[in-house]
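S.K.: Got a file for you: protein_35.cif, mmCIF, C-alpha atoms and all ligand atoms.
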data_query
loop_
_atom_site.label_atom_id
_atom_site.label_comp_id
_atom_site.auth_asym_id
_atom_site.auth_seq_id
_atom_site.Cartn_x
_atom_site.Cartn_y
_atom_site.Cartn_z
CA MET P 764 31.52 124.27 95.71
CA THR P 765 30.83 121.74 93.05
CA ALA P 766 27.99 121.95 90.54
CA GLY P 767 24.77 121.48 92.45
CA GLY P 768 26.45 122.75 95.62
CA ARG P 769 26.74 119.28 97.07
CA ARG P 770 29.76 117.50 98.46
CA PHE P 771 29.95 113.79 99.17
CA ALA P 772 31.14 112.43 102.51
CA PRO P 773 34.31 110.29 102.81
CA GLY P 774 33.31 106.62 102.95
CA GLN P 775 29.96 107.26 101.22
CA VAL P 776 29.04 104.89 98.39
CA VAL P 777 28.10 106.66 95.17
CA VAL P 778 27.52 105.54 91.59
CA ARG P 779 29.19 106.87 88.48
CA ARG P 780 26.62 106.40 85.72
CA TYR P 781 27.35 106.51 81.99
CA PHE P 782 24.58 107.56 79.64
CA ARG P 783 24.35 107.53 75.84
CA ALA P 784 21.57 108.70 73.55
CA ARG P 785 20.96 105.33 71.90
CA ASN P 786 20.75 103.10 74.98
CA GLY P 787 20.24 105.44 77.93
CA LEU P 788 21.98 104.17 81.04
CA ILE P 789 24.79 101.85 79.93
CA ILE P 790 27.24 101.54 82.85
CA VAL P 791 26.84 101.84 86.62
CA GLN P 792 30.03 101.93 88.71
CA ALA P 793 29.74 101.55 92.49
CA CYS P 794 32.48 103.54 94.23
CA ARG P 795 33.53 104.61 97.70
CA VAL P 796 34.25 108.32 98.24
CA VAL P 797 37.85 108.89 99.36
CA SER P 798 37.69 112.69 99.36
CA ASP P 799 35.76 115.50 97.71
CA ASP P 800 37.55 118.84 97.68
CA GLU P 801 39.15 121.54 95.47
CA ARG P 802 41.24 118.91 93.74
CA GLY P 803 38.11 117.05 92.69
CA LEU P 804 36.27 113.92 93.67
CA LEU P 805 38.44 110.92 94.46
CA LEU P 806 36.72 107.52 94.32
CA TRP P 807 37.77 103.95 95.11
CA MET P 808 36.35 101.06 93.08
CA PRO P 809 37.93 97.79 94.25
CA VAL P 810 37.79 94.32 92.75
CA GLY P 811 34.32 93.01 93.57
CA SER P 812 32.48 96.34 93.22
CA ARG P 813 29.03 95.33 92.07
CA ASN P 814 28.93 97.37 88.88
CA ARG P 815 26.37 96.94 86.15
CA ARG P 816 26.54 97.23 82.41
CA ILE P 817 24.07 96.94 79.60
CA THR P 818 23.81 93.54 77.90
CA THR P 819 21.20 91.62 76.00
CA VAL P 820 18.92 89.55 78.24
CA ASP P 821 21.03 86.49 77.37
CA GLY P 822 24.21 88.25 78.50
CA ARG P 823 25.80 89.34 75.22
CA ARG P 824 27.62 92.64 74.92
CA TYR P 825 27.45 95.35 72.30
CA GLU P 826 30.83 94.30 70.84
CA GLN P 827 29.61 90.75 70.20
CA LEU P 828 26.68 91.70 67.94
CA SER P 829 26.02 93.60 64.75
CA ARG P 830 24.42 96.99 65.19
CA ALA P 831 21.09 95.66 63.84
CA GLU P 832 21.11 92.67 66.20
CA TRP P 833 21.96 94.88 69.15
CA ASP P 834 19.23 97.40 68.38
CA ALA P 835 16.62 94.64 68.03
CA ALA P 836 17.56 92.81 71.26
CA ASP P 837 15.95 93.30 74.68
CA LYS P 838 18.50 94.69 77.10
CA VAL P 839 19.14 94.65 80.84
CA LEU P 840 21.66 96.26 83.19
CA ALA P 841 23.36 93.06 84.29
CA GLU P 842 25.67 92.76 87.28
CA HIS P 843 29.25 93.06 86.10
CA PRO P 844 31.59 93.21 89.12
CA THR P 845 35.07 94.72 88.81
CA ARG P 846 37.32 91.73 88.15
CA ARG P 847 40.98 92.37 87.42
CA HIS P 848 42.07 95.62 89.01
CA HIS P 849 41.34 97.88 91.91
CA ILE P 850 40.71 101.38 90.53
CA LEU P 851 41.20 104.80 92.07
CA MET P 852 39.37 107.53 90.13
CA LEU P 853 39.88 111.28 90.10
CA MET P 854 37.08 113.46 88.72
CA PRO P 855 38.63 116.95 88.61
CA PRO P 856 36.31 119.98 88.82
CA ALA P 857 35.28 120.93 85.28
CA PRO P 858 35.44 124.51 83.98
CA VAL P 859 31.99 126.08 83.61
CA GLY P 860 30.60 125.41 80.14
CA ALA P 861 33.15 122.71 79.25
CA VAL P 862 31.99 119.87 77.03
CA ALA P 863 35.19 117.85 76.58
CA TRP P 864 36.37 116.71 79.98
CA HIS P 865 37.98 113.68 81.62
CA SER P 866 38.47 111.46 84.63
CA VAL P 867 41.77 109.76 85.46
CA PHE P 868 41.89 106.21 86.82
CA TRP P 869 44.83 104.61 88.64
CA PHE P 870 44.85 100.83 88.07
CA PHE P 871 46.24 98.54 90.76
CA GLU P 872 46.96 94.83 90.69
CA PRO P 873 45.13 92.80 93.36
CA ASP P 874 48.35 92.88 95.45
CA GLY P 875 48.35 96.70 95.34
CA ALA P 876 51.10 97.19 92.71
CA PHE P 877 50.45 100.18 90.45
CA ALA P 878 49.62 99.06 86.88
CA GLY P 879 49.03 102.30 84.93
CA TRP P 880 46.67 105.19 84.32
CA TYR P 881 43.55 105.32 82.22
CA VAL P 882 42.12 108.61 80.99
CA ASN P 883 38.38 108.37 80.41
CA LEU P 884 37.17 111.16 78.13
CA GLU P 885 33.68 112.15 79.25
CA SER P 886 31.35 115.09 79.84
CA PRO P 887 31.46 117.10 83.07
CA ALA P 888 29.32 115.16 85.56
CA ALA P 889 25.91 116.14 86.94
CA ARG P 890 25.58 115.29 90.63
CA TRP P 891 22.67 113.92 92.62
CA SER P 892 22.44 112.73 96.24
CA ASP P 893 24.16 109.37 95.69
CA GLY P 894 25.86 109.67 92.37
CA LEU P 895 27.14 111.41 89.27
CA ASP P 896 25.86 111.17 85.73
CA LEU P 897 27.92 111.74 82.64
CA VAL P 898 28.13 111.04 78.92
CA ASP P 899 31.00 108.71 78.05
CA TYR P 900 32.89 109.78 74.91
CA ASP P 901 34.24 106.32 73.95
CA LEU P 902 37.76 107.60 73.31
CA ASP P 903 40.25 106.86 76.11
CA LEU P 904 43.98 106.86 76.77
CA TRP P 905 46.07 104.20 78.42
CA VAL P 906 49.24 105.53 80.09
CA SER P 907 51.80 102.93 81.19
CA PRO P 908 53.79 103.37 84.41
CA ASP P 909 56.74 104.53 82.22
CA ARG P 910 54.35 107.22 80.85
CA SER P 911 54.26 105.94 77.30
CA TRP P 912 50.66 106.19 76.11
CA ARG P 913 48.21 105.10 73.44
CA TRP P 914 44.66 105.83 72.37
CA LYS P 915 41.93 103.30 73.13
CA ASP P 916 38.64 102.72 71.31
CA GLU P 917 39.37 105.18 68.49
CA GLU P 918 37.14 103.20 66.14
CA ASP P 919 34.11 103.36 68.45
CA PHE P 920 34.73 107.08 68.84
CA GLU P 921 34.83 107.63 65.09
CA THR P 922 31.66 105.59 64.54
CA ALA P 923 29.81 107.51 67.27
CA THR P 924 31.10 110.81 65.86
CA ARG P 925 29.73 109.91 62.43
CA GLU P 926 26.36 109.01 63.97
CA GLY P 927 26.30 112.35 65.77
CA LEU P 928 23.83 111.33 68.50
CA ASP P 929 25.96 112.26 71.53
CA TRP P 930 28.46 114.84 70.24
CA SER P 931 29.03 116.86 67.07
CA GLY P 932 32.01 116.68 64.73
CA GLU P 933 33.18 119.97 66.17
CA GLN P 934 32.93 118.62 69.73
CA ALA P 935 34.83 115.50 68.62
CA VAL P 936 37.79 117.76 67.77
CA ASP P 937 37.66 119.20 71.30
CA ILE P 938 37.34 115.74 72.85
CA ARG P 939 40.44 114.50 71.04
CA ALA P 940 42.28 117.71 71.97
CA GLU P 941 41.38 117.10 75.61
CA GLY P 942 42.93 113.64 75.29
CA MET P 943 46.09 115.15 73.76
CA ARG P 944 46.28 117.67 76.59
CA LEU P 945 46.34 114.80 79.09
CA ALA P 946 48.86 112.84 76.98
CA LYS P 947 51.23 115.85 77.06
CA ARG P 948 50.84 116.05 80.82
CA ALA P 949 51.71 112.37 81.07
CA GLU P 950 54.80 112.84 78.87
CA ALA P 951 55.89 115.70 81.15
CA ALA P 952 55.15 113.63 84.30
CA GLU P 953 52.88 116.41 85.53
CA PHE P 954 49.99 115.86 87.95
CA PRO P 955 48.11 113.55 87.94
CA PHE P 956 50.93 111.54 86.32
CA ASP P 957 53.64 112.68 88.74
CA GLY P 958 53.47 109.66 91.06
CA THR P 959 50.69 111.04 93.26
CA TRP P 960 48.56 108.20 94.69
CA CYS P 961 50.55 105.46 92.92
CA ASP P 962 51.01 103.96 96.40
CA PHE P 963 47.38 104.51 97.40
CA ARG P 964 45.89 102.13 99.96
CA PRO P 965 42.19 102.23 100.88
CA ASP P 966 40.72 102.18 104.36
CA PRO P 967 41.01 98.47 105.28
CA GLN P 968 37.46 98.56 106.71
CA TRP P 969 35.91 99.28 103.33
CA GLN P 970 33.94 96.45 101.75
CA ALA P 971 33.46 96.29 97.97
CA PRO P 972 30.43 98.52 97.36
CA ALA P 973 27.07 97.82 95.70
CA PRO P 974 25.04 100.56 93.99
CA PRO P 975 22.81 102.41 96.48
CA PRO P 976 19.02 102.49 96.01
CA GLY P 977 18.11 104.83 93.17
CA TRP P 978 21.00 103.65 90.97
CA ASP P 979 18.51 103.19 88.09
CA ARG P 980 16.73 106.53 88.41
CA PRO P 981 16.50 108.95 85.45
CA PRO P 982 19.58 111.08 84.68
CA ALA P 983 20.24 114.17 86.82
CA TRP P 984 20.10 116.58 83.84
MG MG P 1001 35.62 105.62 78.01
#
Turn the structure described in the file into structure tokens.
Ligand SMILES: [Mg+2]
M.R.:
Amino acid sequence: MTAGGRRFAPGQVVVRRYFRARNGLIIVQACRVVSDDERGLLLWMPVGSRNRRITTVDGRRYEQLSRAEWDAADKVLAEHPTRRHHILMLMPPAPVGAVAWHSVFWFFEPDGAFAGWYVNLESPAARWSDGLDLVDYDLDLWVSPDRSWRWKDEEDFETATREGLDWSGEQAVDIRAEGMRLAKRAEAAEFPFDGTWCDFRPDPQWQAPAPPPGWDRPPAW
């Protein structure tokens, strides 16, 4: 069984919630459960999913402001629906005691064509009845369909590492190593980069989900 001993039901709507020390809850992703088994939790987040992300009350994002301006501003979790791609997400079961972990996202064009993989480096997730809570580690990988890859958001990762609020310098080494481990798997075309689910199609009955009640509750840890 998964941590917490709880499995989600296929078709259930759950939220993936990203927390950080400075701002608390920063991102809420509304997803449909595809399956939840030994391979991990597989989630579908189509265009139109009614996600939320933290902004200032007048709608500006972290990247658009200086750190001082951001810290001084009043913030809200504004609706921020998925716009460009449908996304299939795999959250593999994490080893006990792991800190550096990951999810893998399959990006699809609106017409269903596979567009590439995204590796989100993150903490193992804590589950609750309708969701999963995790710490996002900023650093990500983009893997093209030809399996060439590049880092994303290295600068944010280095800044956050220096600040030391969410992970230590030592943990940062492990987080980057986790990213490299996935990059090597991509280069070798090993699962999950072996073509699995690149032709995924969701249940045609599924509507784009909205976060269930309780999406703004305190973190599960
Ligand atoms: Mg990330």
S.K.: Measuring atom to atom with only C-alpha atoms, identify which of P:Tyr825, P:Phe871, P:Phe954, P:Trp905 is nearest to Arg802 in chain P.
M.R.: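 Selected residue with least distance to Arg802 in chain P: P:Phe954.
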S.K.: Report as a PDB file with C-alpha atoms, in the coordinates of the input which protein, DNA and RNA residues come within 6 Å of ligand MG 1001 (chain P), using only C-alpha atoms and all ligand atoms.
M.R.:
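Below is the file that was written, out-v7.pdb:
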ATOM      1  CA  ASN P 883      38.380 108.370  80.410  1.00  0.00           C
ATOM      2  CA  LEU P 884      37.170 111.160  78.130  1.00  0.00           C
ATOM      3  CA  ASP P 899      31.000 108.710  78.050  1.00  0.00           C
ATOM      4  CA  TYR P 900      32.890 109.780  74.910  1.00  0.00           C
ATOM      5  CA  ASP P 901      34.240 106.320  73.950  1.00  0.00           C
ATOM      6  CA  LEU P 902      37.760 107.600  73.310  1.00  0.00           C
ATOM      7  CA  ASP P 903      40.250 106.860  76.110  1.00  0.00           C
TER       8      ASP P 903
END
S.K.: So, counting all atoms listed in the file, which residue among P:Pro856, P:Pro844, P:Pro873, P:Gly879 is closest to Leu904 in chain P?
M.R.: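 With all atoms listed in the file as the atom set, the closest residue is P:Gly879.
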S.K.: Could you name the residues that touch range 845-850 of chain P at 7 Å or less, counting only C-alpha atoms, but leaving out those on the same chain fewer than 5 positions away, as a list in words?
M.R.: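 Close residues of range 845-850 of chain P: Trp807, Met808, Pro809, Val810, Gly811, Ser812, Arg813, Asn814, Phe868, Trp869, Phe870, Phe871, Glu872 and Pro873 of chain P.
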S.K.: Pick out the residues sitting within 7 Å of Arg816 in chain P, and hand them over as a PDB file with C-alpha atoms, keeping the file's coordinate frame; count all atoms listed in the file, and ignore anything fewer than 2 positions along from it in its own chain.
M.R.:
ATOM      1  CA  ILE P 789      24.790 101.850  79.930  1.00  0.00           C
ATOM      2  CA  ILE P 790      27.240 101.540  82.850  1.00  0.00           C
ATOM      3  CA  VAL P 791      26.840 101.840  86.620  1.00  0.00           C
ATOM      4  CA  ASN P 814      28.930  97.370  88.880  1.00  0.00           C
ATOM      5  CA  THR P 818      23.810  93.540  77.900  1.00  0.00           C
ATOM      6  CA  LEU P 840      21.660  96.260  83.190  1.00  0.00           C
ATOM      7  CA  ALA P 841      23.360  93.060  84.290  1.00  0.00           C
ATOM      8  CA  GLU P 842      25.670  92.760  87.280  1.00  0.00           C
ATOM      9  CA  HIS P 843      29.250  93.060  86.100  1.00  0.00           C
TER      10      HIS P 843
END
S.K.: Find the residue from P:Asp929, P:Glu917, P:Asp821, P:Glu941 that sits nearest to Arg783 in chain P; use all atoms listed in the file when measuring.
M.R.: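 Going through P:Asp929, P:Glu917, P:Asp821, P:Glu941 one by one, the smallest distance to Arg783 in chain P is for P:Asp929.
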S.K.: Quick one: pull the distance between CA of Ile938 in chain P and CA of Phe963 in chain P, Å, one decimal.
M.R.: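 Rounded to one decimal, the two atoms are 28.8 Å apart.
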S.K.: Do a neighbour search on Val797 in chain P at 6 Å with all atoms listed in the file, toss out local chain neighbours closer than 2 positions, and write the hits as a list of chain:residue names.
M.R.: P:Pro773, P:Leu805, P:Leu806
S.K.: Would you mind reading off the distance between CA of Pro955 in chain P and CA of Pro908 in chain P, one decimal, in Å?
M.R.: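 Between CA of Pro955 in chain P and CA of Pro908 in chain P the gap works out to 12.2 Å.
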S.K.: If I take CA of Asp896 in chain P and CA of Met854 in chain P, how far is one from the other in Å, to one decimal?
M.R.: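 Straight-line distance from CA of Asp896 in chain P to CA of Met854 in chain P works out to 11.8 Å.
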S.K.: Which is closer to Trp930 in chain P than all the others in P:Gln775, P:Val867, P:Arg780, P:Val862, using all atoms listed in the file?
M.R.: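 Looking only at the distances to Trp930 in chain P, the closest residue turns out to be P:Val862.
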S.K.: Which of these, P:Asp800, P:Arg785, P:Pro981, P:Ile817, has the shortest distance to Leu895 in chain P once you count only C-alpha atoms?
M.R.: P:Pro981
S.K.: (22.5, 91.6, 75.9) in this file's frame - what residues fall within 7 Å of it? Use only C-alpha atoms and give the answer as a list in words.
M.R.: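 Those residues, ordered by chain and then number, are Ile817, Thr818, Thr819, Val820, Asp821, Gly822, Arg823, Arg824, Ala836, Asp837, Lys838 and Val839 of chain P.
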S.K.: Do a neighbour search on Trp978 in chain P at 9 Å with all atoms listed in the file, toss out local chain neighbours closer than 2 positions, and write the hits as a list in words.
M.R.: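 After dropping sequence-adjacent residues, the list is Val777, Val778, Arg780, Val791, Asp893, Gly894, Pro974, Pro975, Pro976, Arg980 and Pro981 of chain P.
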S.K.: Please tell me which residues are no farther than 12 Å from (44.1, 113.0, 68.0) in the file, counting only C-alpha atoms, and write them as number ranges by chain.
M.R.: P: 902-904, 913-915, 917, 920-921, 935-947
S.K.: Using 3 Å of padding on each side, determine the axis-aligned box around all atoms of range 837-845 of chain P present in the file and give its centre and edge lengths in Å to one decimal, as JSON.
M.R.:
{"center_x": 25.5, "center_y": 94.5, "center_z": 81.9, "size_x": 25.1, "size_y": 9.5, "size_z": 20.4}
S.K.: Between P:Ala876, P:Leu897, P:Leu804, P:Ala857, which has the minimum distance to Leu788 in chain P (counting all atoms listed in the file)?
M.R.: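 Closest candidate: P:Leu897.
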